[in-house]
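Inspection log for the structure reproduced underneath, given as structure tokens.
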Amino acid sequence: MFQKIRLFTGRNPYIDRDGAYVKQLRENVRFHMQHCETYAELLRARGFHPDQLQSSDDVSHLPPLTTLYFKRNRLLSMPEKRLFLRATSSGTSGNKSQIGFDLPSFLLGVAMAARLFAYHHVISLRPVHYIMLGYEPSRQSDLGAMKSAYGSTFFAPALSRTYALKATKSGYEPNPEGVKRALLKYAKEGAPVRLVGFPGYLMLLLRELEKEGIKLSLNKHSRIMLGGGWKQFTGEAVTPEQMHQLVEKLLGIPKERIHEFFSAAEHPLAYCKCKNGHFHVPAYSRVIIRDSVSMNPLPYGQPGLLNFVSPLVKSMPLVSVMTDDVAVLHSGESCGCGIQTPYFQLLGRAGAQGIH
């Protein structure tokens, strides 16, 4: 267990100093096969045994489960009563994955996120106002995105939280005027502001400010933390560069204080863009790009389906999860930011056009 903790909480999240990843992966797969018969049957049917995981070259041999599979099936490797936290995926296609975490996995995940955020200089003791560009926490909702966003407000003390989507008895309601009023108030008070959540809601706010001719100069310690991908609005595709320019123009927040994260309910690890705008893979994870037909791993530079492999969770066999995201993997050396691990570039979703 100590080696696993070291793997997920090392000072530099992109270096596996103990070489523990493959061993922890093998033990995690073995645990799930011993405690989840359905998962064991799926792997046995594909002729896989945990002992096949002896080096990093063997990771791609581990059969992945798709996010669609988790939306249609619930696999547990421990009794339901041992689940400490539950979360669901966004379910934009109608089905939602029901994810549950045991307490040790949850605590290790929190420590992992804290180490990653500290490495990227997101953690601060300076109190800030939060503009939450997403859902207000509610007992009626278990959305993983909502819980992740709320959790990120503990990486700097919260003076206040204002939500773009307010929880009501009848569901969630947009709160654009409330967000704008809060932002103007915080700008006048002078305390740092953190805008956290979906890029889409940030763009709606920026366009409203631009339409009204409002330009703010927020405290120099203000930051923006985004997750959920880049969307399209009124038929116009928005690139990260365009948004960065608008943020600096209207809010006074420079590019280096804008952080973009990627994660999934079925793969509860955060990936943070480096200074050059790339999602590098931390030491406790591996990314495989697979051919959509053969499922064979693809080399650097070739687009395919995005497959994550990590031994974090014990409550469910989330060890190898293949998303419906289309991505390309590149060598870390080609980035130039100093992080040596490979990085992935998101291109869109399988069967869809545009970046999601």
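Chain labels follow the order of the structure tokens: the first chain is A, the next B, and so on; residue numbering restarts at 1 in every chain, and ligands are counted from 1 in their shown order.
Look at region 251-255 of chain A: the protein and nucleic acid residues within 9 Å of it, using only C-alpha atoms and passing over chain neighbours fewer than 4 places away, are Leu206, Lys215, Leu216, Ser217, Leu218, Asn219, Lys220, His221, Ser222, Arg223, Ile224, Glu241, His244, Gln245, Leu246, Val247, His259 and Lys275 of chain A.
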If you run DSSP over the backbone, which residues in region 19-177 of chain A end up helix (DSSP H, G or I)? Put them as a ChimeraX atom specification. /A:21-35,37-45,50-52,56-61,67-72,80-82,103-119,144-154,176-177
Those same residues, written as a PDB file, in the first residue's frame with C-alpha atoms?
ATOM      1  CA  TYR A  21       3.205   1.597 -11.882  1.00  0.00           C
ATOM      2  CA  VAL A  22       3.235  -1.843 -13.531  1.00  0.00           C
ATOM      3  CA  LYS A  23       3.302  -3.699 -10.203  1.00  0.00           C
ATOM      4  CA  GLN A  24       0.374  -1.673  -8.841  1.00  0.00           C
ATOM      5  CA  LEU A  25      -1.523  -2.175 -12.088  1.00  0.00           C
ATOM      6  CA  ARG A  26      -1.009  -5.935 -11.927  1.00  0.00           C
ATOM      7  CA  GLU A  27      -2.173  -6.068  -8.294  1.00  0.00           C
ATOM      8  CA  ASN A  28      -5.201  -3.906  -9.046  1.00  0.00           C
ATOM      9  CA  VAL A  29      -6.287  -6.112 -11.947  1.00  0.00           C
ATOM     10  CA  ARG A  30      -5.790  -9.241  -9.840  1.00  0.00           C
ATOM     11  CA  PHE A  31      -7.875  -7.745  -7.019  1.00  0.00           C
ATOM     12  CA  HIS A  32     -10.766  -6.954  -9.357  1.00  0.00           C
ATOM     13  CA  MET A  33     -10.664 -10.387 -10.973  1.00  0.00           C
ATOM     14  CA  GLN A  34     -10.829 -11.977  -7.509  1.00  0.00           C
ATOM     15  CA  HIS A  35     -13.699  -9.787  -6.286  1.00  0.00           C
ATOM     16  CA  GLU A  37     -16.743 -12.271 -11.228  1.00  0.00           C
ATOM     17  CA  THR A  38     -18.206 -10.437 -14.238  1.00  0.00           C
ATOM     18  CA  TYR A  39     -14.930  -8.590 -14.783  1.00  0.00           C
ATOM     19  CA  ALA A  40     -12.978 -11.811 -14.357  1.00  0.00           C
ATOM     20  CA  GLU A  41     -15.153 -13.525 -16.973  1.00  0.00           C
ATOM     21  CA  LEU A  42     -14.644 -10.648 -19.405  1.00  0.00           C
ATOM     22  CA  LEU A  43     -10.863 -10.857 -19.093  1.00  0.00           C
ATOM     23  CA  ARG A  44     -10.746 -14.652 -19.190  1.00  0.00           C
ATOM     24  CA  ALA A  45     -12.900 -14.601 -22.336  1.00  0.00           C
ATOM     25  CA  PRO A  50      -2.727 -10.440 -14.609  1.00  0.00           C
ATOM     26  CA  ASP A  51       0.689 -12.132 -14.807  1.00  0.00           C
ATOM     27  CA  GLN A  52       0.909 -10.872 -18.400  1.00  0.00           C
ATOM     28  CA  SER A  56       5.159  -1.023 -19.581  1.00  0.00           C
ATOM     29  CA  ASP A  57       5.068  -2.714 -22.995  1.00  0.00           C
ATOM     30  CA  ASP A  58       2.405  -5.102 -21.659  1.00  0.00           C
ATOM     31  CA  VAL A  59      -0.106  -2.430 -20.565  1.00  0.00           C
ATOM     32  CA  SER A  60      -1.822  -2.303 -23.956  1.00  0.00           C
ATOM     33  CA  HIS A  61      -2.609  -6.041 -23.643  1.00  0.00           C
ATOM     34  CA  THR A  67     -17.557   4.101 -20.999  1.00  0.00           C
ATOM     35  CA  LEU A  68     -20.692   2.873 -22.771  1.00  0.00           C
ATOM     36  CA  TYR A  69     -20.314  -0.476 -20.993  1.00  0.00           C
ATOM     37  CA  PHE A  70     -20.280   1.292 -17.613  1.00  0.00           C
ATOM     38  CA  LYS A  71     -23.362   3.272 -18.614  1.00  0.00           C
ATOM     39  CA  ARG A  72     -25.211  -0.006 -19.175  1.00  0.00           C
ATOM     40  CA  GLU A  80     -22.306  -1.630  -1.840  1.00  0.00           C
ATOM     41  CA  LYS A  81     -22.203  -0.692   1.850  1.00  0.00           C
ATOM     42  CA  ARG A  82     -18.463  -0.015   1.595  1.00  0.00           C
ATOM     43  CA  LEU A 103     -12.904   5.527   1.312  1.00  0.00           C
ATOM     44  CA  PRO A 104      -9.212   4.593   0.753  1.00  0.00           C
ATOM     45  CA  SER A 105      -9.534   5.149  -3.015  1.00  0.00           C
ATOM     46  CA  PHE A 106     -11.308   8.454  -2.441  1.00  0.00           C
ATOM     47  CA  LEU A 107      -8.647   9.710  -0.004  1.00  0.00           C
ATOM     48  CA  LEU A 108      -5.853   8.623  -2.320  1.00  0.00           C
ATOM     49  CA  GLY A 109      -7.603  10.432  -5.167  1.00  0.00           C
ATOM     50  CA  VAL A 110      -7.805  13.624  -3.117  1.00  0.00           C
ATOM     51  CA  ALA A 111      -4.097  13.412  -2.261  1.00  0.00           C
ATOM     52  CA  MET A 112      -3.310  12.727  -5.927  1.00  0.00           C
ATOM     53  CA  ALA A 113      -5.278  15.791  -7.063  1.00  0.00           C
ATOM     54  CA  ALA A 114      -3.663  17.972  -4.408  1.00  0.00           C
ATOM     55  CA  ARG A 115      -0.189  16.940  -5.579  1.00  0.00           C
ATOM     56  CA  LEU A 116      -1.074  17.602  -9.248  1.00  0.00           C
ATOM     57  CA  PHE A 117      -2.637  20.989  -8.451  1.00  0.00           C
ATOM     58  CA  ALA A 118       0.355  21.948  -6.318  1.00  0.00           C
ATOM     59  CA  TYR A 119       2.731  21.059  -9.155  1.00  0.00           C
ATOM     60  CA  GLY A 144     -19.334  13.790 -11.010  1.00  0.00           C
ATOM     61  CA  ALA A 145     -18.533  17.114 -12.740  1.00  0.00           C
ATOM     62  CA  MET A 146     -20.393  18.996 -10.009  1.00  0.00           C
ATOM     63  CA  LYS A 147     -18.530  17.211  -7.230  1.00  0.00           C
ATOM     64  CA  SER A 148     -15.152  17.655  -8.896  1.00  0.00           C
ATOM     65  CA  ALA A 149     -15.726  21.377  -9.416  1.00  0.00           C
ATOM     66  CA  TYR A 150     -16.844  21.843  -5.816  1.00  0.00           C
ATOM     67  CA  GLY A 151     -13.832  19.882  -4.583  1.00  0.00           C
ATOM     68  CA  SER A 152     -11.501  22.232  -6.450  1.00  0.00           C
ATOM     69  CA  THR A 153     -12.750  25.134  -4.301  1.00  0.00           C
ATOM     70  CA  PHE A 154     -10.813  23.693  -1.376  1.00  0.00           C
ATOM     71  CA  PRO A 176     -26.405  34.612 -15.772  1.00  0.00           C
ATOM     72  CA  GLU A 177     -27.390  37.864 -14.076  1.00  0.00           C
TER      73      GLU A 177
END
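As for CA of Phe262 (chain A) and CA of Thr323 (chain A), they are spaced 12.3 Å apart.
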Name the closest residue to His278 (chain A) among the candidates A:His330, A:Lys188, A:Lys249, A:His129; distances are taken between atoms, counting only C-alpha atoms.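 Selected residue with least distance to His278 (chain A): A:His330.
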Using only C-alpha atoms, which residues sit within 8 Å of region 339-350 of chain A once same-chain residues fewer than 2 positions away are excluded, as a PyMOL selection string? chain A and resi 14+278-283+287+305+324-333+335-337+352-356
Residue contacts of region 135-138 of chain A (12 Å, only C-alpha atoms) excluding same-chain residues fewer than 2 positions away, as a PyMOL selection string: chain A and resi 90+130-133+140-151+161-175+196-198+201
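CA of Met316 (chain A) to CA of Leu85 (chain A) spans 12.2 Å [interatomic distance, one decimal].
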Rounded to one decimal, what separation in Å do you get between CA of Ile288 (chain A) and CA of Tyr300 (chain A)?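 One can read the CA of Ile288 (chain A) to CA of Tyr300 (chain A) distance as 9.7 Å.
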Could you please write out, as a PyMOL selection string, every residue of region 120-311 of chain A that DSSP assigns to strand (DSSP E or B)? chain A and resi 128-135+143+158-168+171-174+193-197+223-227+232-233+236-237+258-264+267-273+279-280+286-290+297+304-309
Selected residue of minimal separation from Met78 (chain A) among A:Leu53, A:Leu204, A:Val313, A:Val319, counting only C-alpha atoms: A:Val313
